[in-house]
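Note: the block below is model-v8.csv and it holds CSV, C-alpha atoms and all ligand atoms.
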chain,number,residue,atom,x,y,z
A,1,MET,CA,0.4,-7.5,-22.1
A,2,TRP,CA,2.2,-9.0,-19.2
A,3,GLY,CA,-0.8,-8.9,-16.9
A,4,SER,CA,-3.7,-9.8,-19.2
A,5,ASN,CA,-4.6,-13.0,-17.4
A,6,ALA,CA,-5.6,-12.7,-13.7
A,7,LEU,CA,-3.5,-14.3,-11.0
A,8,ALA,CA,-5.0,-16.1,-8.0
A,9,THR,CA,-3.7,-16.8,-4.5
A,10,SER,CA,-5.5,-18.3,-1.6
A,11,ARG,CA,-7.1,-15.0,-0.5
A,12,LEU,CA,-6.5,-12.7,-3.5
A,13,THR,CA,-7.1,-12.2,-7.2
A,14,LEU,CA,-4.7,-10.0,-9.1
A,15,ARG,CA,-6.3,-8.7,-12.3
A,16,ARG,CA,-5.5,-6.2,-15.0
A,17,ARG,CA,-6.2,-2.6,-14.0
A,18,HIS,CA,-9.3,-0.8,-15.3
A,19,GLU,CA,-9.8,2.9,-15.6
A,20,SER,CA,-12.4,2.5,-12.8
A,21,ASP,CA,-9.6,1.7,-10.4
A,22,ALA,CA,-8.7,5.4,-10.5
A,23,ALA,CA,-10.8,6.0,-7.3
A,24,LEU,CA,-8.8,3.3,-5.4
A,25,LEU,CA,-5.5,4.8,-6.8
A,26,ARG,CA,-6.4,8.3,-5.7
A,27,THR,CA,-7.2,7.0,-2.2
A,28,LEU,CA,-3.8,5.4,-2.1
A,29,TRP,CA,-2.2,8.7,-3.1
A,30,THR,CA,-4.0,10.5,-0.3
A,31,GLU,CA,-2.7,8.0,2.2
A,32,ARG,CA,1.0,8.4,1.3
A,33,ASP,CA,3.5,9.1,4.0
A,34,PRO,CA,4.4,12.8,4.2
A,35,ARG,CA,8.0,11.8,3.6
A,36,VAL,CA,7.2,10.6,0.0
A,37,PRO,CA,8.4,13.3,-2.5
A,38,ALA,CA,5.9,15.9,-3.6
A,39,HIS,CA,5.6,14.7,-7.2
A,40,ARG,CA,4.2,11.4,-5.9
A,41,ARG,CA,1.6,13.1,-3.6
A,42,ILE,CA,-1.6,15.0,-4.2
A,43,ASP,CA,-0.7,18.7,-4.7
A,44,ALA,CA,-2.4,21.9,-3.4
A,45,LYS,CA,-4.7,21.9,-6.5
A,46,GLY,CA,-5.9,18.4,-5.8
A,47,ARG,CA,-3.9,16.8,-8.6
A,48,PRO,CA,-3.6,14.2,-9.9
A,49,THR,CA,-7.3,14.0,-10.0
A,50,ARG,CA,-9.2,10.7,-10.6
A,51,THR,CA,-9.4,11.7,-14.2
A,52,ASP,CA,-5.7,12.2,-14.4
A,53,LEU,CA,-5.1,8.8,-12.8
A,54,ALA,CA,-7.6,7.1,-15.1
A,55,ALA,CA,-5.5,8.5,-18.0
A,56,ARG,CA,-2.3,7.0,-16.5
A,57,ILE,CA,-4.0,3.6,-16.1
A,58,ARG,CA,-5.2,3.8,-19.8
A,59,ALA,CA,-1.7,4.6,-21.0
A,60,GLU,CA,-0.3,1.7,-19.1
A,61,ARG,CA,-2.9,-0.7,-20.5
A,62,GLU,CA,-2.0,0.4,-24.0
A,63,SER,CA,1.7,-0.2,-23.5
A,64,ASP,CA,3.0,-3.7,-24.0
A,65,GLY,CA,5.6,-3.7,-21.1
A,66,PRO,CA,5.0,-5.3,-17.7
A,67,GLY,CA,2.3,-3.6,-15.6
A,68,LEU,CA,0.6,-3.2,-12.4
A,69,LEU,CA,-2.3,-5.5,-11.3
A,70,THR,CA,-5.2,-4.6,-9.0
A,71,ILE,CA,-5.4,-6.7,-5.9
A,72,VAL,CA,-9.0,-7.9,-5.1
A,73,ARG,CA,-9.8,-9.8,-1.9
A,74,LYS,CA,-11.8,-12.9,-2.9
A,75,ARG,CA,-14.0,-13.2,0.1
A,76,GLU,CA,-14.8,-9.5,0.5
A,77,ALA,CA,-14.8,-8.8,-3.3
A,78,ASP,CA,-13.1,-5.4,-2.7
A,79,ALA,CA,-10.1,-3.9,-4.4
A,80,ILE,CA,-7.4,-3.1,-1.8
A,81,GLY,CA,-4.3,-2.0,-3.8
A,82,TYR,CA,-2.0,-2.9,-6.6
A,83,CYS,CA,1.1,-5.1,-7.2
A,84,GLY,CA,3.1,-5.7,-10.3
A,85,LEU,CA,6.1,-4.8,-12.3
A,86,VAL,CA,7.3,-1.4,-13.6
A,87,PRO,CA,10.3,-0.4,-15.7
A,88,SER,CA,13.4,-0.1,-13.6
A,89,ASP,CA,15.7,2.8,-13.2
A,90,VAL,CA,18.3,0.6,-11.5
A,91,GLY,CA,18.2,-2.7,-13.4
A,92,GLY,CA,19.1,-3.7,-17.0
A,93,THR,CA,16.7,-4.1,-19.9
A,94,ASP,CA,14.1,-6.8,-19.1
A,95,GLU,CA,14.8,-6.5,-15.3
A,96,PRO,CA,11.8,-4.6,-14.0
A,97,GLU,CA,11.0,-3.4,-10.5
A,98,LEU,CA,8.4,-4.9,-8.2
A,99,ALA,CA,6.0,-2.3,-6.9
A,100,PHE,CA,3.1,-2.6,-4.4
A,101,GLU,CA,0.8,-0.3,-2.4
A,102,LEU,CA,-2.2,-1.3,-0.3
A,103,LEU,CA,-4.9,0.6,1.5
A,104,SER,CA,-3.9,1.4,5.1
A,105,ALA,CA,-7.1,-0.3,6.4
A,106,VAL,CA,-5.7,-3.7,5.3
A,107,HIS,CA,-2.0,-3.4,6.3
A,108,GLY,CA,-0.4,-6.0,8.4
A,109,GLN,CA,-2.4,-9.0,7.2
A,110,GLY,CA,0.2,-10.5,4.8
A,111,TYR,CA,-1.6,-9.3,1.7
A,112,ALA,CA,1.5,-7.5,0.1
A,113,THR,CA,3.6,-10.6,0.6
A,114,GLU,CA,1.0,-12.9,-0.8
A,115,ALA,CA,0.5,-10.7,-3.9
A,116,GLY,CA,4.2,-10.3,-4.3
A,117,GLU,CA,4.8,-14.0,-4.3
A,118,ALA,CA,2.2,-14.4,-7.1
A,119,VAL,CA,3.8,-11.7,-9.2
A,120,ILE,CA,7.3,-13.2,-8.7
A,121,ALA,CA,6.0,-16.6,-9.8
A,122,ARG,CA,4.6,-15.2,-13.0
A,123,ALA,CA,7.8,-13.2,-13.6
A,124,THR,CA,9.8,-16.5,-13.2
A,125,ALA,CA,7.4,-18.3,-15.6
A,126,ARG,CA,7.7,-15.5,-18.2
A,127,GLY,CA,11.5,-15.9,-18.2
A,128,TYR,CA,12.7,-12.8,-16.4
A,129,ALA,CA,16.1,-13.4,-14.8
A,130,ARG,CA,16.0,-10.7,-12.1
A,131,LEU,CA,13.7,-8.3,-10.4
A,132,TRP,CA,14.6,-5.0,-8.6
A,133,ALA,CA,13.0,-2.9,-6.0
A,134,THR,CA,13.9,0.5,-4.6
A,135,VAL,CA,12.6,1.5,-1.2
A,136,TRP,CA,13.0,4.5,1.1
A,137,ASP,CA,15.2,3.6,4.0
A,138,TRP,CA,12.5,4.7,6.5
A,139,ASN,CA,9.9,2.4,4.9
A,140,VAL,CA,10.4,-0.5,7.3
A,141,ALA,CA,7.2,-2.3,6.3
A,142,SER,CA,8.1,-2.4,2.7
A,143,ARG,CA,11.7,-3.4,3.4
A,144,ARG,CA,10.3,-6.3,5.5
A,145,VAL,CA,8.0,-7.4,2.7
A,146,LEU,CA,10.9,-7.4,0.3
A,147,GLU,CA,13.0,-9.4,2.7
A,148,LYS,CA,10.2,-12.0,3.0
A,149,LEU,CA,10.0,-12.1,-0.8
A,150,GLY,CA,13.7,-13.0,-1.0
A,151,PHE,CA,15.1,-9.6,-2.1
A,152,ARG,CA,18.5,-8.7,-0.9
A,153,GLU,CA,19.6,-5.2,-0.1
A,154,LEU,CA,22.7,-4.0,-1.9
A,155,ASP,CA,25.3,-1.6,-0.6
A,156,ARG,CA,24.3,0.7,-3.5
A,157,ARG,CA,22.1,3.5,-2.2
A,158,GLY,CA,20.6,6.6,-3.7
A,159,PRO,CA,21.8,10.1,-2.7
A,160,VAL,CA,20.7,11.3,0.7
A,161,GLY,CA,18.0,14.0,0.2
A,162,PRO,CA,15.2,15.7,2.2
A,163,HIS,CA,13.1,12.5,1.9
A,164,GLY,CA,15.8,10.1,3.2
A,165,THR,CA,17.8,7.8,0.9
A,166,THR,CA,16.7,4.8,-1.2
A,167,VAL,CA,17.8,1.3,-0.6
A,168,VAL,CA,18.3,-0.8,-3.8
A,169,THR,CA,17.3,-4.4,-3.6
A,170,VAL,CA,17.4,-7.3,-6.0
A,171,ARG,CA,16.1,-10.8,-6.4
A,172,ASP,CA,17.5,-13.4,-8.9
A,173,LEU,CA,14.7,-15.6,-10.3
R,1,LIG,C1,4.5,-1.8,2.4
R,1,LIG,C2,3.1,-2.3,2.3
R,1,LIG,C3,2.7,-2.6,0.9
R,1,LIG,C4,3.0,-3.6,3.2
R,1,LIG,O1,1.7,-4.2,3.0
R,1,LIG,P1,1.2,-5.3,4.1
R,1,LIG,O2,0.1,-6.1,3.4
R,1,LIG,O3,0.9,-4.6,5.4
R,1,LIG,O4,2.5,-6.3,4.2
R,1,LIG,P2,2.6,-7.7,4.9
R,1,LIG,O5,1.5,-7.8,5.9
R,1,LIG,O6,2.7,-8.7,3.9
R,1,LIG,O7,4.0,-7.6,5.7
R,1,LIG,C5,4.3,-6.4,6.4
R,1,LIG,C6,5.6,-6.8,7.3
R,1,LIG,O8,6.1,-5.5,7.7
R,1,LIG,C7,6.2,-5.6,9.2
R,1,LIG,N1,6.0,-4.2,9.6
R,1,LIG,C8,5.0,-3.3,9.4
R,1,LIG,N2,5.2,-2.2,10.0
R,1,LIG,C9,6.4,-2.3,10.6
R,1,LIG,C10,7.1,-1.4,11.5
R,1,LIG,N3,6.7,-0.2,11.7
R,1,LIG,N4,8.3,-1.9,12.0
R,1,LIG,C11,8.7,-3.1,11.7
R,1,LIG,N5,8.0,-4.0,10.9
R,1,LIG,C12,6.9,-3.6,10.4
R,1,LIG,C13,5.0,-6.4,9.6
R,1,LIG,O9,5.2,-6.9,10.9
R,1,LIG,C14,5.2,-7.6,8.5
R,1,LIG,O10,6.3,-8.4,8.8
R,1,LIG,P3,6.1,-9.9,9.5
R,1,LIG,O11,5.2,-10.7,8.6
R,1,LIG,O12,7.4,-10.4,9.7
R,1,LIG,O13,5.4,-9.6,10.8
R,1,LIG,C15,2.1,-1.3,2.9
R,1,LIG,O14,2.5,-0.9,4.2
R,1,LIG,C16,1.9,-0.1,2.0
R,1,LIG,O15,1.1,-0.1,1.1
R,1,LIG,N6,2.7,1.0,2.3
R,1,LIG,C17,2.6,2.2,1.5
R,1,LIG,C18,3.1,2.0,0.1
R,1,LIG,C19,4.5,1.5,0.1
R,1,LIG,O16,5.3,1.8,1.0
R,1,LIG,N7,4.8,0.8,-1.0
R,1,LIG,C20,6.1,0.2,-1.2
R,1,LIG,C21,7.0,1.2,-1.8
R,1,LIG,S1,8.6,0.5,-2.1

Take the structure in this file and express it as structure tokens.
Ligand SMILES: CC(C)(COP(=O)(O)OP(=O)(O)OC[C@H]1O[C@@H](n2cnc3c(N)ncnc32)[C@H](O)[C@@H]1OP(=O)(O)O)[C@@H](O)C(=O)NCCC(=O)NCCS
Amino acid sequence: MWGSNALATSRLTLRRRHESDAALLRTLWTERDPRVPAHRRIDAKGRPTRTDLAARIRAERESDGPGLLTIVRKREADAIGYCGLVPSDVGGTDEPELAFELLSAVHGQGYATEAGEAVIARATARGYARLWATVWDWNVASRRVLEKLGFRELDRRGPVGPHGTTVVTVRDL
């Protein structure tokens, strides 16, 4: 598995996800911007539940593709979000997408950038040639993180829909 060994940065550890991370993941879902499409937000029946999300984490652990890692702050010893690689809709085979999401309480402290740098370093060491990221045009914080990580925005954009449009970005390794 791509993420079986933990990664370390000066302030963070990025470790393989456990089913017990479902509580953190559910909090992240509840914090999502209302502009995020409905299928990626908690529905009127409260789904996905923690149990649903634990099952998703288990399925990812059992797959042998790249995966997401839980970000833990070293000093506070608390889990604050995830960062890692997911299969890409826009890139070629073996050109995954970088993904990250952090609890709102810790935004603006450089953690996403620090975690992203560690994931990019591992992706480079594992021989990936290119990473992609797609981001909503209104998501200025994420676009800025991607810029800091060396991704460049392409002219290619997704269709304009009720949620805005997606910006496609790429980083050669
Ligand atoms: C995107 C996200 C991961 C950023 O995490 P973070 O730890 O706060 O990121 P960093 O602190 O490393 O960097 C954030 C940058 O965005 C900038 N930023 C944040 N909000 C901004 C705003 N409203 N306008 C302009 N810049 C903004 C910050 O100033 C910082 O840039 P700087 O270092 O040049 O000052 C976090 O906001 C998040 O989890 N959002 C919800 C999930 C999400 O959008 N995931 C990405 C999907 S593509």

- Neighbours of ligand LIG 1 (chain R) within 6 Å, counting all atoms listed in the file, as an MDAnalysis selection string? chainID A and resid 100:102 107:113 134:135 140:142 144:145

Could you write out that same residue set with C-alpha atoms as a JSON list (two decimals), keeping the file's coordinate frame?
[["chain", "number", "residue", "atom", "x", "y", "z"],
["A", 100, "PHE", "CA", 3.10, -2.60, -4.40],
["A", 101, "GLU", "CA", 0.80, -0.30, -2.40],
["A", 102, "LEU", "CA", -2.20, -1.30, -0.30],
["A", 107, "HIS", "CA", -2.00, -3.40, 6.30],
["A", 108, "GLY", "CA", -0.40, -6.00, 8.40],
["A", 109, "GLN", "CA", -2.40, -9.00, 7.20],
["A", 110, "GLY", "CA", 0.20, -10.50, 4.80],
["A", 111, "TYR", "CA", -1.60, -9.30, 1.70],
["A", 112, "ALA", "CA", 1.50, -7.50, 0.10],
["A", 113, "THR", "CA", 3.60, -10.60, 0.60],
["A", 134, "THR", "CA", 13.90, 0.50, -4.60],
["A", 135, "VAL", "CA", 12.60, 1.50, -1.20],
["A", 140, "VAL", "CA", 10.40, -0.50, 7.30],
["A", 141, "ALA", "CA", 7.20, -2.30, 6.30],
["A", 142, "SER", "CA", 8.10, -2.40, 2.70],
["A", 144, "ARG", "CA", 10.30, -6.30, 5.50],
["A", 145, "VAL", "CA", 8.00, -7.40, 2.70]]

- Near-His163 of chain A list (10 Å; all atoms listed in the file; drop same-chain fewer than 4 positions) as a list in words: Pro34, Arg35, Val36, Pro37, Ala38, Trp136, Asp137 and Trp138 of chain A

- Query: Which is closer to Ala22 of chain A than all the others in A:Ala6, A:Ala44, A:Ala77, A:Ile57, using only C-alpha atoms?
  - Reply: A:Ile57

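Straight-line separation from atom CA of Ala8 of chain A to atom CA of Leu68 of chain A: 14.7 Å.
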
- Test item: residues at most 7 Å from Leu12 of chain A, all atoms listed in the file, excluding those fewer than 3 positions along its chain, as an MDAnalysis selection string: chainID A and resid 8:9 71:74

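Shortest separation to Arg41 of chain A among A:Val160, A:Leu25, A:Ala99, A:Val106 occurs at residue A:Leu25, atoms counted being only C-alpha atoms.
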
Report as a PDB file with C-alpha atoms, keeping the file's coordinate frame all protein, DNA and RNA residues lying within 8 Å of Asp94 of chain A, evaluated on only C-alpha atoms, omitting residues in the same chain fewer than 2 positions from it.
ATOM      1  CA  GLY A  92      19.100  -3.700 -17.000  1.00  0.00           C
ATOM      2  CA  PRO A  96      11.800  -4.600 -14.000  1.00  0.00           C
ATOM      3  CA  TYR A 128      12.700 -12.800 -16.400  1.00  0.00           C
TER       4      TYR A 128
END

- Note on the structure: Expressed in Å, the length from atom CA of Leu98 of chain A to atom CA of Thr166 of chain A is 14.6 Å

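Among the candidate residues A:Glu147, A:Glu76, A:Glu62, A:Glu31, the one lying nearest to Leu103 of chain A is A:Glu31, with distances computed using only C-alpha atoms.
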
- From atom CA of Arg122 of chain A to atom CA of Asp155 of chain A the spacing works out at 27.7 Å

- Message: Taking (10.6, -9.0, -15.8) in the coordinates of the supplied file, I want to know which residues reach to within 12 Å of it, counting only C-alpha atoms; could you give the answer as a VMD selection string?
- Response: chain A and resid 2 to 3 65 to 67 84 to 88 91 to 98 119 to 133 171 to 173

- Using only C-alpha atoms, what residues lie at most 8 Å away from (0.5, 8.3, -8.6) (file coordinates), given as a ChimeraX atom specification? /A:25-26,29,40-41,48,53

Write out all heavy atoms for segment 161-172 of chain A, as a PDB file, keeping the file's coordinate frame.
ATOM      1  N   GLY A 161      18.702  12.745   0.473  1.00  0.00           N
ATOM      2  CA  GLY A 161      18.000  14.000   0.200  1.00  0.00           C
ATOM      3  C   GLY A 161      17.025  14.300   1.304  1.00  0.00           C
ATOM      4  O   GLY A 161      17.039  13.628   2.344  1.00  0.00           O
ATOM      5  N   PRO A 162      16.167  15.268   1.092  1.00  0.00           N
ATOM      6  CA  PRO A 162      15.200  15.700   2.200  1.00  0.00           C
ATOM      7  C   PRO A 162      14.251  14.556   2.523  1.00  0.00           C
ATOM      8  O   PRO A 162      13.643  14.595   3.588  1.00  0.00           O
ATOM      9  CB  PRO A 162      14.486  16.855   1.534  1.00  0.00           C
ATOM     10  CG  PRO A 162      14.744  16.784   0.076  1.00  0.00           C
ATOM     11  CD  PRO A 162      16.033  16.066  -0.122  1.00  0.00           C
ATOM     12  N   HIS A 163      14.099  13.566   1.654  1.00  0.00           N
ATOM     13  CA  HIS A 163      13.100  12.500   1.900  1.00  0.00           C
ATOM     14  C   HIS A 163      13.806  11.232   2.468  1.00  0.00           C
ATOM     15  O   HIS A 163      13.171  10.201   2.603  1.00  0.00           O
ATOM     16  CB  HIS A 163      12.392  12.128   0.632  1.00  0.00           C
ATOM     17  CG  HIS A 163      11.775  13.322  -0.011  1.00  0.00           C
ATOM     18  ND1 HIS A 163      10.678  13.946   0.507  1.00  0.00           N
ATOM     19  CD2 HIS A 163      12.134  14.041  -1.094  1.00  0.00           C
ATOM     20  CE1 HIS A 163      10.371  14.995  -0.236  1.00  0.00           C
ATOM     21  NE2 HIS A 163      11.247  15.070  -1.211  1.00  0.00           N
ATOM     22  N   GLY A 164      15.114  11.284   2.723  1.00  0.00           N
ATOM     23  CA  GLY A 164      15.800  10.100   3.200  1.00  0.00           C
ATOM     24  C   GLY A 164      16.680   9.610   1.983  1.00  0.00           C
ATOM     25  O   GLY A 164      17.003  10.372   1.068  1.00  0.00           O
ATOM     26  N   THR A 165      16.996   8.333   2.002  1.00  0.00           N
ATOM     27  CA  THR A 165      17.800   7.800   0.900  1.00  0.00           C
ATOM     28  C   THR A 165      17.064   6.478   0.460  1.00  0.00           C
ATOM     29  O   THR A 165      16.311   5.879   1.227  1.00  0.00           O
ATOM     30  CB  THR A 165      19.214   7.502   1.317  1.00  0.00           C
ATOM     31  OG1 THR A 165      19.921   6.978   0.200  1.00  0.00           O
ATOM     32  CG2 THR A 165      19.318   6.513   2.452  1.00  0.00           C
ATOM     33  N   THR A 166      17.299   6.061  -0.785  1.00  0.00           N
ATOM     34  CA  THR A 166      16.700   4.800  -1.200  1.00  0.00           C
ATOM     35  C   THR A 166      17.612   3.654  -1.120  1.00  0.00           C
ATOM     36  O   THR A 166      18.814   3.781  -1.368  1.00  0.00           O
ATOM     37  CB  THR A 166      16.174   4.956  -2.693  1.00  0.00           C
ATOM     38  OG1 THR A 166      17.248   5.430  -3.489  1.00  0.00           O
ATOM     39  CG2 THR A 166      14.990   5.874  -2.809  1.00  0.00           C
ATOM     40  N   VAL A 167      17.054   2.538  -0.723  1.00  0.00           N
ATOM     41  CA  VAL A 167      17.800   1.300  -0.600  1.00  0.00           C
ATOM     42  C   VAL A 167      17.469   0.504  -1.900  1.00  0.00           C
ATOM     43  O   VAL A 167      16.300   0.397  -2.286  1.00  0.00           O
ATOM     44  CB  VAL A 167      17.328   0.490   0.615  1.00  0.00           C
ATOM     45  CG1 VAL A 167      18.086  -0.824   0.723  1.00  0.00           C
ATOM     46  CG2 VAL A 167      17.474   1.321   1.875  1.00  0.00           C
ATOM     47  N   VAL A 168      18.514  -0.006  -2.551  1.00  0.00           N
ATOM     48  CA  VAL A 168      18.300  -0.800  -3.800  1.00  0.00           C
ATOM     49  C   VAL A 168      18.344  -2.263  -3.412  1.00  0.00           C
ATOM     50  O   VAL A 168      19.262  -2.721  -2.726  1.00  0.00           O
ATOM     51  CB  VAL A 168      19.426  -0.470  -4.806  1.00  0.00           C
ATOM     52  CG1 VAL A 168      19.243  -1.291  -6.076  1.00  0.00           C
ATOM     53  CG2 VAL A 168      19.452   1.015  -5.126  1.00  0.00           C
ATOM     54  N   THR A 169      17.331  -3.006  -3.867  1.00  0.00           N
ATOM     55  CA  THR A 169      17.300  -4.400  -3.600  1.00  0.00           C
ATOM     56  C   THR A 169      17.076  -5.227  -4.853  1.00  0.00           C
ATOM     57  O   THR A 169      16.556  -4.700  -5.843  1.00  0.00           O
ATOM     58  CB  THR A 169      16.108  -4.764  -2.581  1.00  0.00           C
ATOM     59  OG1 THR A 169      14.862  -4.706  -3.285  1.00  0.00           O
ATOM     60  CG2 THR A 169      16.061  -3.802  -1.415  1.00  0.00           C
ATOM     61  N   VAL A 170      17.484  -6.477  -4.829  1.00  0.00           N
ATOM     62  CA  VAL A 170      17.400  -7.300  -6.000  1.00  0.00           C
ATOM     63  C   VAL A 170      17.058  -8.735  -5.675  1.00  0.00           C
ATOM     64  O   VAL A 170      17.366  -9.205  -4.569  1.00  0.00           O
ATOM     65  CB  VAL A 170      18.765  -7.238  -6.806  1.00  0.00           C
ATOM     66  CG1 VAL A 170      19.886  -7.911  -6.042  1.00  0.00           C
ATOM     67  CG2 VAL A 170      18.637  -7.830  -8.205  1.00  0.00           C
ATOM     68  N   ARG A 171      16.376  -9.407  -6.609  1.00  0.00           N
ATOM     69  CA  ARG A 171      16.100 -10.800  -6.400  1.00  0.00           C
ATOM     70  C   ARG A 171      16.332 -11.550  -7.734  1.00  0.00           C
ATOM     71  O   ARG A 171      15.758 -11.205  -8.780  1.00  0.00           O
ATOM     72  CB  ARG A 171      14.608 -11.020  -6.028  1.00  0.00           C
ATOM     73  CG  ARG A 171      14.288 -12.464  -5.609  1.00  0.00           C
ATOM     74  CD  ARG A 171      12.797 -12.626  -5.474  1.00  0.00           C
ATOM     75  NE  ARG A 171      12.391 -13.828  -4.792  1.00  0.00           N
ATOM     76  CZ  ARG A 171      12.386 -15.053  -5.325  1.00  0.00           C
ATOM     77  NH1 ARG A 171      12.838 -15.232  -6.553  1.00  0.00           N
ATOM     78  NH2 ARG A 171      11.941 -16.088  -4.638  1.00  0.00           N
ATOM     79  N   ASP A 172      17.220 -12.535  -7.684  1.00  0.00           N
ATOM     80  CA  ASP A 172      17.500 -13.400  -8.900  1.00  0.00           C
ATOM     81  C   ASP A 172      16.344 -14.396  -8.935  1.00  0.00           C
ATOM     82  O   ASP A 172      15.935 -14.955  -7.914  1.00  0.00           O
ATOM     83  CB  ASP A 172      18.830 -14.051  -8.751  1.00  0.00           C
ATOM     84  CG  ASP A 172      19.965 -13.033  -8.809  1.00  0.00           C
ATOM     85  OD1 ASP A 172      19.872 -12.101  -9.633  1.00  0.00           O
ATOM     86  OD2 ASP A 172      20.915 -13.149  -8.015  1.00  0.00           O
TER      87      ASP A 172
END
